[in-house]
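File shown: my_file_30.cif. Contents: mmCIF, C-alpha atoms.
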data_model
#
loop_
_atom_site.label_atom_id
_atom_site.label_comp_id
_atom_site.auth_asym_id
_atom_site.auth_seq_id
_atom_site.Cartn_x
_atom_site.Cartn_y
_atom_site.Cartn_z
CA MET A 1 141.09 92.58 64.97
CA THR A 2 137.29 92.50 64.90
CA PRO A 3 135.80 95.50 63.06
CA VAL A 4 134.47 98.20 65.38
CA LEU A 5 130.77 98.02 64.55
CA PRO A 6 127.90 99.66 66.49
CA ALA A 7 127.10 97.59 69.58
CA HIS A 8 123.38 98.28 69.29
CA ASP A 9 123.39 96.82 65.76
CA TYR A 10 124.76 93.44 66.93
CA PRO A 11 124.98 90.71 65.51
CA TRP A 12 126.14 92.45 62.29
CA THR A 13 125.28 89.68 59.82
CA ALA A 14 122.83 91.31 57.40
CA SER A 15 125.26 92.37 54.67
CA ASP A 16 127.15 89.11 54.10
CA PRO A 17 126.83 88.01 50.47
CA VAL A 18 125.54 84.45 50.02
CA GLU A 19 127.56 83.95 46.87
CA ASP A 20 130.81 84.15 48.86
CA LEU A 21 129.76 81.25 51.09
CA THR A 22 130.08 78.22 48.80
CA PRO A 23 133.46 76.54 49.38
CA ARG A 24 135.01 74.17 46.85
CA PRO A 25 135.68 70.64 48.18
CA GLU A 26 139.45 70.97 47.82
CA THR A 27 139.48 74.08 50.03
CA ILE A 28 138.06 72.31 53.11
CA GLU A 29 140.30 69.24 53.22
CA GLY A 30 141.95 68.87 56.63
CA ARG A 31 139.72 71.54 58.23
CA ARG A 32 136.99 71.36 60.88
CA LEU A 33 133.57 72.95 60.52
CA VAL A 34 132.77 75.52 63.23
CA ILE A 35 129.22 76.86 63.30
CA GLY A 36 128.99 80.60 63.89
CA VAL A 37 126.12 82.36 65.64
CA GLY A 38 125.91 86.02 66.55
CA SER A 39 128.87 87.99 65.23
CA ASN A 40 130.70 84.82 64.17
CA ALA A 41 128.00 84.28 61.55
CA SER A 42 129.38 87.33 59.76
CA ALA A 43 132.02 86.48 57.15
CA ASP A 44 133.61 89.91 57.62
CA VAL A 45 133.86 89.51 61.39
CA MET A 46 135.23 85.96 61.14
CA ARG A 47 137.85 86.99 58.58
CA ALA A 48 138.92 89.92 60.73
CA LYS A 49 139.27 87.74 63.84
CA LEU A 50 141.47 85.26 61.98
CA ALA A 51 143.41 87.69 59.80
CA THR A 52 146.78 86.98 61.43
CA VAL A 53 146.58 83.19 61.04
CA ALA A 54 144.14 82.54 58.19
CA THR A 55 145.52 80.38 55.40
CA GLY A 56 142.58 80.82 53.03
CA GLU A 57 142.02 83.79 50.76
CA PRO A 58 140.30 86.11 51.64
CA GLY A 59 139.74 84.04 54.78
CA PRO A 60 138.51 80.60 55.86
CA PRO A 61 136.01 78.84 53.57
CA MET A 62 132.45 79.48 54.77
CA MET A 63 129.02 78.12 53.86
CA ARG A 64 125.36 78.23 54.82
CA VAL A 65 124.12 75.30 56.92
CA SER A 66 120.82 74.10 58.39
CA LEU A 67 120.98 71.94 61.50
CA ALA A 68 118.34 70.02 63.42
CA HIS A 69 117.64 70.34 67.15
CA LEU A 70 119.46 73.65 67.64
CA ALA A 71 118.30 77.23 68.11
CA VAL A 72 119.91 80.54 69.10
CA GLY A 73 118.98 82.84 71.93
CA HIS A 74 120.87 85.32 74.08
CA SER A 75 123.68 84.56 76.50
CA ALA A 76 122.90 85.53 80.09
CA HIS A 77 125.64 88.13 80.26
CA VAL A 78 126.62 91.52 78.90
CA SER A 79 129.62 91.64 76.57
CA ALA A 80 132.53 94.02 77.04
CA ARG A 81 131.15 96.10 74.15
CA GLY A 82 127.83 96.52 75.98
CA TYR A 83 125.51 94.24 73.99
CA VAL A 84 123.77 91.02 75.04
CA PRO A 85 125.36 88.40 72.77
CA ALA A 86 123.98 85.34 71.02
CA ALA A 87 124.19 81.79 72.37
CA PRO A 88 123.06 78.44 70.92
CA TYR A 89 121.00 75.89 72.84
CA ARG A 90 119.52 72.44 72.29
CA ALA A 91 115.99 72.70 70.85
CA PRO A 92 114.51 69.32 69.84
CA GLY A 93 112.50 69.60 66.63
CA GLU A 94 113.83 73.04 65.68
CA ILE A 95 115.95 73.84 62.61
CA LEU A 96 118.80 76.33 62.85
CA ASP A 97 119.91 78.23 59.75
CA ALA A 98 123.47 79.37 60.36
CA VAL A 99 126.90 79.90 58.85
CA GLY A 100 129.79 77.47 59.17
CA ALA A 101 133.49 78.25 58.80
CA TRP A 102 136.01 75.56 57.86
CA LEU A 103 139.00 76.21 60.14
CA THR A 104 142.50 74.83 60.52
CA GLU A 105 143.62 73.89 64.03
CA GLU A 106 145.55 77.15 64.29
CA GLU A 107 142.52 79.16 63.21
CA ALA A 108 140.27 77.34 65.70
CA THR A 109 142.72 78.08 68.51
CA MET A 110 142.84 81.74 67.51
CA LEU A 111 139.03 81.89 67.51
CA ASP A 112 139.01 80.35 71.00
CA HIS A 113 140.99 83.33 72.26
CA THR A 114 138.31 85.73 70.96
CA GLU A 115 135.55 83.88 72.89
CA PRO A 116 136.42 84.09 76.63
CA ASN A 117 132.77 83.69 77.67
CA TYR A 118 132.19 80.58 75.55
CA SER A 119 133.43 77.00 75.37
CA ARG A 120 133.98 75.20 72.08
CA ILE A 121 131.95 71.99 72.04
CA ALA A 122 131.91 69.08 69.60
CA LEU A 123 128.57 67.82 68.26
CA SER A 124 127.75 64.76 66.18
CA ALA A 125 125.81 65.03 62.94
CA ASP A 126 123.97 61.89 64.08
CA ASP A 127 122.52 63.85 67.01
CA TYR A 128 122.22 67.19 65.18
CA PRO A 129 121.64 66.29 61.50
CA PHE A 130 122.48 68.61 58.64
CA PHE A 131 119.93 69.79 56.09
CA SER A 132 120.68 71.66 52.85
CA ALA A 133 124.45 71.60 53.31
CA ASP A 134 127.06 70.24 50.94
CA SER A 135 130.19 68.59 52.37
CA ALA A 136 128.52 67.95 55.74
CA PRO A 137 131.00 66.36 58.18
CA ASP A 138 130.32 63.65 60.78
CA THR A 139 131.15 66.07 63.59
CA PHE A 140 131.29 69.84 63.93
CA SER A 141 131.93 72.45 66.60
CA LEU A 142 130.17 75.48 67.99
CA TYR A 143 130.60 77.81 70.93
CA ALA A 144 128.24 77.48 73.91
CA SER A 145 127.88 80.25 76.48
CA ARG A 146 129.39 79.55 79.86
CA HIS A 147 126.71 81.79 81.42
CA GLY A 148 123.64 79.92 80.14
CA VAL A 149 120.87 81.35 77.96
CA LEU A 150 118.28 83.99 78.87
CA THR A 151 114.97 82.36 79.81
CA ASP A 152 111.95 83.70 81.66
CA PRO A 153 111.56 81.93 85.05
CA ASP A 154 107.96 81.09 84.09
CA SER A 155 108.99 79.47 80.80
CA THR A 156 111.21 76.63 79.63
CA THR A 157 111.88 78.21 76.22
CA PRO A 158 114.84 80.61 75.97
CA VAL A 159 114.34 84.10 74.62
CA PRO A 160 114.95 83.87 70.85
CA LEU A 161 117.77 85.88 69.33
CA GLY A 162 116.51 89.33 68.43
CA SER A 163 117.70 92.88 68.11
CA GLN A 164 119.37 94.65 70.99
CA ALA A 165 116.29 96.84 71.32
CA GLN A 166 114.16 93.71 71.82
CA VAL A 167 116.37 91.99 74.37
CA ILE A 168 116.93 95.24 76.30
CA GLU A 169 113.17 95.79 76.48
CA TRP A 170 112.76 92.20 77.72
CA LEU A 171 115.38 92.72 80.42
CA ALA A 172 114.02 96.12 81.47
CA ALA A 173 110.63 94.51 82.16
CA ARG A 174 112.26 92.04 84.56
CA LEU A 175 115.19 93.88 86.14
CA PRO A 176 114.75 97.10 88.17
CA ASP A 177 117.83 98.77 86.72
CA ARG A 178 117.62 102.26 85.23
CA ALA A 179 120.63 101.50 83.05
CA LEU A 180 118.25 99.50 80.85
CA HIS A 181 116.02 102.51 80.08
CA GLY A 182 116.34 104.47 76.85
CA SER A 183 117.31 103.76 73.26
CA ALA A 184 119.31 100.65 72.39
CA ASP A 185 122.29 102.81 71.49
CA ALA A 186 122.20 104.65 74.83
CA VAL A 187 121.73 101.44 76.84
CA CYS A 188 124.57 99.63 75.06
CA ARG A 189 126.85 102.59 75.75
CA ARG A 190 125.99 102.39 79.46
CA LEU A 191 126.39 98.61 79.55
CA GLY A 192 129.81 99.01 77.95
CA GLU A 193 130.99 100.56 81.22
CA PRO A 194 132.53 97.61 83.13
CA ARG A 195 130.82 98.36 86.45
CA ILE A 196 127.35 98.67 84.93
CA GLY A 197 127.73 95.71 82.58
CA ALA A 198 128.91 93.47 85.42
CA ARG A 199 126.00 94.61 87.60
CA VAL A 200 123.40 93.80 84.96
CA SER A 201 125.04 90.44 84.20
CA ALA A 202 124.91 89.55 87.90
CA SER A 203 121.27 90.65 88.07
CA MET A 204 120.35 88.28 85.22
CA LEU A 205 121.59 85.36 87.30
CA SER A 206 120.19 86.50 90.66
CA ALA A 207 116.76 87.05 89.06
CA GLY A 208 116.76 83.50 87.70
CA LEU A 209 116.81 84.61 84.05
CA ALA A 210 119.35 82.00 82.91
CA ARG A 211 119.18 78.29 82.20
CA PRO A 212 121.75 75.81 80.84
CA SER A 213 122.01 75.41 77.07
CA GLY A 214 121.37 71.66 77.20
CA LEU A 215 124.44 71.10 75.00
CA PRO A 216 127.24 68.59 75.76
CA SER A 217 130.34 69.32 77.80
CA PRO A 218 133.03 71.37 76.04
CA GLU A 219 135.83 69.86 73.99
CA HIS A 220 137.96 72.86 74.84
CA GLU A 221 137.75 75.52 77.56
CA THR A 222 138.52 78.91 76.07
CA GLY A 223 140.00 80.43 79.21
CA PRO A 224 138.84 82.50 82.21
CA LEU A 225 135.43 84.10 82.12
CA SER A 226 135.60 87.69 80.95
CA ARG A 227 132.87 90.22 80.53
#
Kindly transcribe the structure held in the file into structure tokens.
Amino acid sequence: MTPVLPAHDYPWTASDPVEDLTPRPETIEGRRLVIGVGSNASADVMRAKLATVATGEPGPPMMRVSLAHLAVGHSAHVSARGYVPAAPYRAPGEILDAVGAWLTEEEATMLDHTEPNYSRIALSADDYPFFSADSAPDTFSLYASRHGVLTDPDSTTPVPLGSQAQVIEWLAARLPDRALHGSADAVCRRLGEPRIGARVSASMLSAGLARPSGLPSPEHETGPLSR
């Protein structure tokens, strides 16, 4: 089970120790590399999600990666916990610094079940080259939002991933919804109420604040959409 961490502090990645993220070659044989953004970039969160099926100790092997032509913004929906989650998108010329987890098929399937608003997609290292990563595979996976990424209607560049306070302020300037007023903690608590979260998610779409990620079609649908 994912640790219960403050929604307004999402994406919870600051405390992960770099020294724990250097897998030995023999530990990744037969595994696929899945790039984590948002909460999945946290070793603690990933290990907790996979605790019942993980075959590694203390969890799946993880490592830092840098990838070309990718960036991370915010998904155009509110999560069940009340925060606006992260979502990757195609960004020619950009470099994404992220975390990758080497997963077995069983672990990847388990992770799919924790991502009902995302689809796992396969990307080629020829199209999205690796930089500064040992043991780089020919292909890798990541999760793309099925809602699109937040983008101002007057811009073609998605809103970059920031704190919840930043994305809430951005939304409040564009959506006439009082639920978006106040501290990040207070707003996330309100958005965690299903009716309010669903309303704000719908408003993002009706106001034209979402655009497609530009990433390929999914290799695996993770199931019905769920807030």
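Within the file as shown, the PyMOL selection byres ((chain A and resi 99-101) around 7) identifies Leu33, Val34, Ile35, Gly36, Ala41, Pro60, Pro61, Met62, Met63, Arg64, Val65, Ala98, Trp102 and Leu103 of chain A.
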With distances taken over only C-alpha atoms, which residue among A:Val4, A:Ser155, A:Thr22, A:Leu123 lies nearest Gly208 of chain A? A:Ser155
Go through the shown structure with the PyMOL selection byres ((chain A and resi 179-190) around 8) and write out the matching residues as JSON, numbers by chain. {"A": [7, 8, 81, 82, 83, 164, 165, 168, 169, 171, 172, 177, 178, 191, 192, 193, 196, 197]}
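Nearest-residue note for Ala80 of chain A: choosing from A:Pro23, A:Gly214, A:Pro194, A:Gly93, the minimum distance belongs to A:Pro194, counting only C-alpha atoms.
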Pull out every residue that the PyMOL selection byres ((chain A and resi 121) around 10) matches in the shown coordinates and put them as a PyMOL selection string. chain A and resi 34+118-120+122-123+140-144+215-221
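Omitting Thr104 of chain A and its sequence neighbours fewer than 3 positions away, and counting all atoms listed in the file, the residues within 7 Å are Arg31, Arg32, Glu107 and Ala108 of chain A.
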For segment 66-68 of chain A, work out the shell of residues within 9 Å, counting all atoms listed in the file and skipping chain neighbours fewer than 6 positions away, then give it as an MDAnalysis selection string. chainID A and resid 91:99 125 127:133
Using all atoms listed in the file, the residue out of A:Ser79, A:Pro212, A:Thr13, A:Val37 with shortest distance to Leu150 of chain A is A:Pro212
Residues within 12 Å of Trp170 of chain A, please, as a list in words. Count only C-alpha atoms; anything in the same chain fewer than 5 positions from it doesn't count. His74, Val84, Leu150, Thr151, Asp152, Pro158, Val159, Pro160, Leu161, Gly162, Ser163, Gln164, Ala165, Leu175, Pro176, Leu180, His181, Ala184, Met204 and Leu209 of chain A
Take the residues that were just selected and, keeping C-alpha atoms, output them as an mmCIF file, keeping the file's coordinate frame.
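Output (part09.cif):
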data_model
loop_
_atom_site.group_PDB
_atom_site.id
_atom_site.type_symbol
_atom_site.label_atom_id
_atom_site.label_comp_id
_atom_site.auth_asym_id
_atom_site.auth_seq_id
_atom_site.Cartn_x
_atom_site.Cartn_y
_atom_site.Cartn_z
ATOM 1 C CA HIS A 74 120.870 85.320 74.080
ATOM 2 C CA VAL A 84 123.770 91.020 75.040
ATOM 3 C CA LEU A 150 118.280 83.990 78.870
ATOM 4 C CA THR A 151 114.970 82.360 79.810
ATOM 5 C CA ASP A 152 111.950 83.700 81.660
ATOM 6 C CA PRO A 158 114.840 80.610 75.970
ATOM 7 C CA VAL A 159 114.340 84.100 74.620
ATOM 8 C CA PRO A 160 114.950 83.870 70.850
ATOM 9 C CA LEU A 161 117.770 85.880 69.330
ATOM 10 C CA GLY A 162 116.510 89.330 68.430
ATOM 11 C CA SER A 163 117.700 92.880 68.110
ATOM 12 C CA GLN A 164 119.370 94.650 70.990
ATOM 13 C CA ALA A 165 116.290 96.840 71.320
ATOM 14 C CA LEU A 175 115.190 93.880 86.140
ATOM 15 C CA PRO A 176 114.750 97.100 88.170
ATOM 16 C CA LEU A 180 118.250 99.500 80.850
ATOM 17 C CA HIS A 181 116.020 102.510 80.080
ATOM 18 C CA ALA A 184 119.310 100.650 72.390
ATOM 19 C CA MET A 204 120.350 88.280 85.220
ATOM 20 C CA LEU A 209 116.810 84.610 84.050
#
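The space separating atom CA of Ser75 of chain A from atom CA of Pro88 of chain A comes to 8.3 Å.
Distance cut-off 8 Å, centre (124.4, 90.2, 82.3), atoms counted only C-alpha atoms; the residues meeting this are Ala76, His77, Val78, Ser79, Val84, Gly197, Ala198, Arg199, Val200, Ser201, Ala202, Ser203, Met204 and Leu205 of chain A.
Closest approach to His147 of chain A among A:Ser213, A:Thr109, A:Ser135, A:Gln166: A:Ser213, based on all atoms listed in the file.
Among the candidate residues A:Arg174, A:Thr139, A:Ser145, A:Tyr89, the one lying nearest to Pro116 of chain A is A:Ser145, with distances computed using all atoms listed in the file.
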Work out how far apart atom CA of Ala48 of chain A and atom CA of Ala87 of chain A are and give it in Å to one decimal. 20.5 Å
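Counting from atom CA of Met46 of chain A, the distance to atom CA of Gly59 of chain A is 8.0 Å.
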